[in-house]
Amino acid sequence: MSISENWSQVRTRVAAAAAAAGRPVDSVRIVAVSKTFPASSAQAAYDAGARVLGENRVQEALPKIEALPGDAEWHLIGHLQTNKARLAIGRFSLIHSVDSVRLANELQRQAERQELVQPILLQVDVAGEDTKSGFAPAELTAAARDIARLERLHLEGLMTIGPPVDDPEDARWVFRRLRELRDGLRQDLPDAAWLELSMGMTHDFEAAIQEGATLVRVGRAIFGERTAGAGAAPPLAAHR
């Protein structure tokens with residue numbers, strides 16, 4: 001199937017999951033994750049109607065950002081090293097993966113240099129997996145309080161990655177817990193927005209939507225299977 005057909009199917013699945021949860025379809029945005037695919041694939045998703053695109057690595061994202069039309073909204077969803085903060089700041093509409101106070105402080109410093117405000121999410125390792133980045137739930141409130149003081153960062157919500165399970169229902173508790181953590185932060189730090197819950201990917205986004213996801217990060221169901229060792233291909237010519 002083509003990327004356009006895949007996009008249509010994903011939209012249908014998202015709409016059905018939202019309806020099952022009694023939510024309006026427009027309360028959930030699809031982040032089309034184009035990592036390892038060339039800019040031509042990202043362009044095909046854009047042409048099909050995707051307006052929010054996600055990348056894991058800053059250096060792979062930047063050529064694609066230049067290649068696609070200027071109204072495409074880019075999100076950084078992968079782990080961000082502190083020494084790459086200067087490359088990321090101001091280039092992404094939303095950074096999902098702020099996973100330490102140290103990283104937040106560096107983003108603040110770079111945002112001050114560029115005199116801009118950077119929207120961010122805090123990544124939470126709800127499932128407690130050693131292989132995942134993110135704040136432990138027990139340390140989240142204290143970290144959020146520290147980060148909320150950084151005037152150049154705009155806290156918009158939380159992000160998590162579900163555990164690798166065969167049955168998406170087995171990941172539901174992680175999504176429910178993230179929503180509960182977000183609701184608690186709304187009480188503790190009411191001045192922050194706390195609007196977004198980034199959770200759910202190709203295999204489990206329906207369960208995430210039913211638990212309150214506002215952003216679902218979908219790659220494989222839109223772009224197809226990634227080949228082992230795949231990397232970024234040369235971008236299209238820029239046409240902003």
# chains A, B, ... in the order shown; residues from 1 in each chain; ligands from 1
$ select_by_dssp --residues "range 15-226 of chain A" --states "helix (DSSP H, G or I)" --output "ChimeraX atom specification"
/A:15-20,25-27,39-48,58-67,82-88,101-114,137-148,168-188,205-210,220-223
$ residues_around --residues "Asn56 in chain A" --least-positions-apart "2" --cutoff "10 Å" --atoms "only C-alpha atoms" --output "list in words"
Val33, Ser34, Lys35, Thr36, Gly54, Val58, Gln59, Glu60, Ala61, His75, Leu76, Ile77, Gly78, His79, Leu80, His96 and Ser97 of chain A
$ residues_around --residues "Leu150 in chain A" --least-positions-apart "5" --cutoff "9 Å" --atoms "only C-alpha atoms" --output "compact mmCIF listing (two decimals) with N, CA and C atoms, in the first residue's frame"
# COMPACT_ATOMS: atom_id res chain seq x y z
N ALA A 104 17.08 20.21 30.39
CA ALA A 104 16.20 21.37 30.42
C ALA A 104 17.00 22.66 30.63
N ASN A 105 17.98 22.61 31.52
CA ASN A 105 18.79 23.80 31.76
C ASN A 105 19.58 24.20 30.52
N GLN A 108 17.19 25.78 28.10
CA GLN A 108 16.93 27.13 28.58
C GLN A 108 18.06 28.07 28.15
$ atom_distance --atom1 "CA of Arg220 in chain A" --atom2 "CA of Phe37 in chain A"
10.5 Å
$ residues_around --residues "range 4-7 of chain A" --least-positions-apart "5" --cutoff "7 Å" --atoms "only C-alpha atoms" --output "list of chain:residue names"
A:Ala44, A:Ala45, A:Ala48, A:Ala221, A:Ile222
$ write_last_selection --atoms "N, CA and C atoms" --output "JSON list (two decimals), in the first residue's frame"
[["chain", "number", "residue", "atom", "x", "y", "z"],
["A", 44, "ALA", "N", 5.59, 12.64, 0.89],
["A", 44, "ALA", "CA", 4.39, 11.87, 0.50],
["A", 44, "ALA", "C", 3.36, 11.89, 1.63],
["A", 45, "ALA", "N", 3.82, 11.78, 2.88],
["A", 45, "ALA", "CA", 2.89, 11.85, 4.01],
["A", 45, "ALA", "C", 2.27, 13.24, 4.10],
["A", 48, "ALA", "N", -0.37, 13.60, 1.59],
["A", 48, "ALA", "CA", -1.57, 12.84, 1.96],
["A", 48, "ALA", "C", -2.39, 13.55, 3.03],
["A", 221, "ALA", "N", 3.05, 2.14, 10.59],
["A", 221, "ALA", "CA", 1.74, 2.02, 9.95],
["A", 221, "ALA", "C", 1.55, 3.03, 8.82],
["A", 222, "ILE", "N", 2.39, 4.08, 8.79],
["A", 222, "ILE", "CA", 2.30, 5.07, 7.72],
["A", 222, "ILE", "C", 3.36, 4.83, 6.66]]
$ residues_around --residues "Leu155 in chain A" --least-positions-apart "4" --cutoff "10 Å" --atoms "only C-alpha atoms" --output "ChimeraX atom specification"
/A:94,118-122,144,147-148,150-151,191-196
$ closest_atom_pairs --of "range 88-152 of chain A" --to "range 166-185 of chain A" --cutoff "9 Å" --atoms "only C-alpha atoms" --output "CSV"
residue,atom,partner,partner_atom,distance
A:Val124,CA,A:Leu178,CA,7.8
A:Val126,CA,A:Val174,CA,6.0
A:Ala127,CA,A:Val174,CA,6.4
A:Pro137,CA,A:Leu181,CA,7.6
A:Leu140,CA,A:Leu181,CA,8.4
A:Thr141,CA,A:Leu185,CA,6.8
A:Ala144,CA,A:Leu185,CA,8.2
$ closest_atom_pairs --of "range 24-139 of chain A" --to "range 11-15 of chain A" --cutoff "9 Å" --atoms "only C-alpha atoms" --output "JSON lines"
{"residue": "A:Pro24", "atom": "CA", "partner": "A:Ala15", "partner_atom": "CA", "distance": 8.1}
{"residue": "A:Val25", "atom": "CA", "partner": "A:Ala15", "partner_atom": "CA", "distance": 5.3}
{"residue": "A:Asp26", "atom": "CA", "partner": "A:Ala15", "partner_atom": "CA", "distance": 8.6}
{"residue": "A:Val28", "atom": "CA", "partner": "A:Val14", "partner_atom": "CA", "distance": 7.6}
{"residue": "A:Arg29", "atom": "CA", "partner": "A:Val14", "partner_atom": "CA", "distance": 8.8}
{"residue": "A:Ile30", "atom": "CA", "partner": "A:Arg11", "partner_atom": "CA", "distance": 8.0}
$ write_last_selection --atoms "C-alpha atoms" --output "PDB file, in the first residue's frame"
ATOM      1  CA  PRO A  24     -13.786  14.246  19.388  1.00  0.00           C
ATOM      2  CA  VAL A  25     -11.452  13.176  16.591  1.00  0.00           C
ATOM      3  CA  ASP A  26      -9.632  16.514  16.647  1.00  0.00           C
ATOM      4  CA  VAL A  28      -5.892  13.544  18.941  1.00  0.00           C
ATOM      5  CA  ARG A  29      -3.079  14.552  16.602  1.00  0.00           C
ATOM      6  CA  ILE A  30      -1.044  12.052  14.608  1.00  0.00           C
TER       7      ILE A  30
END
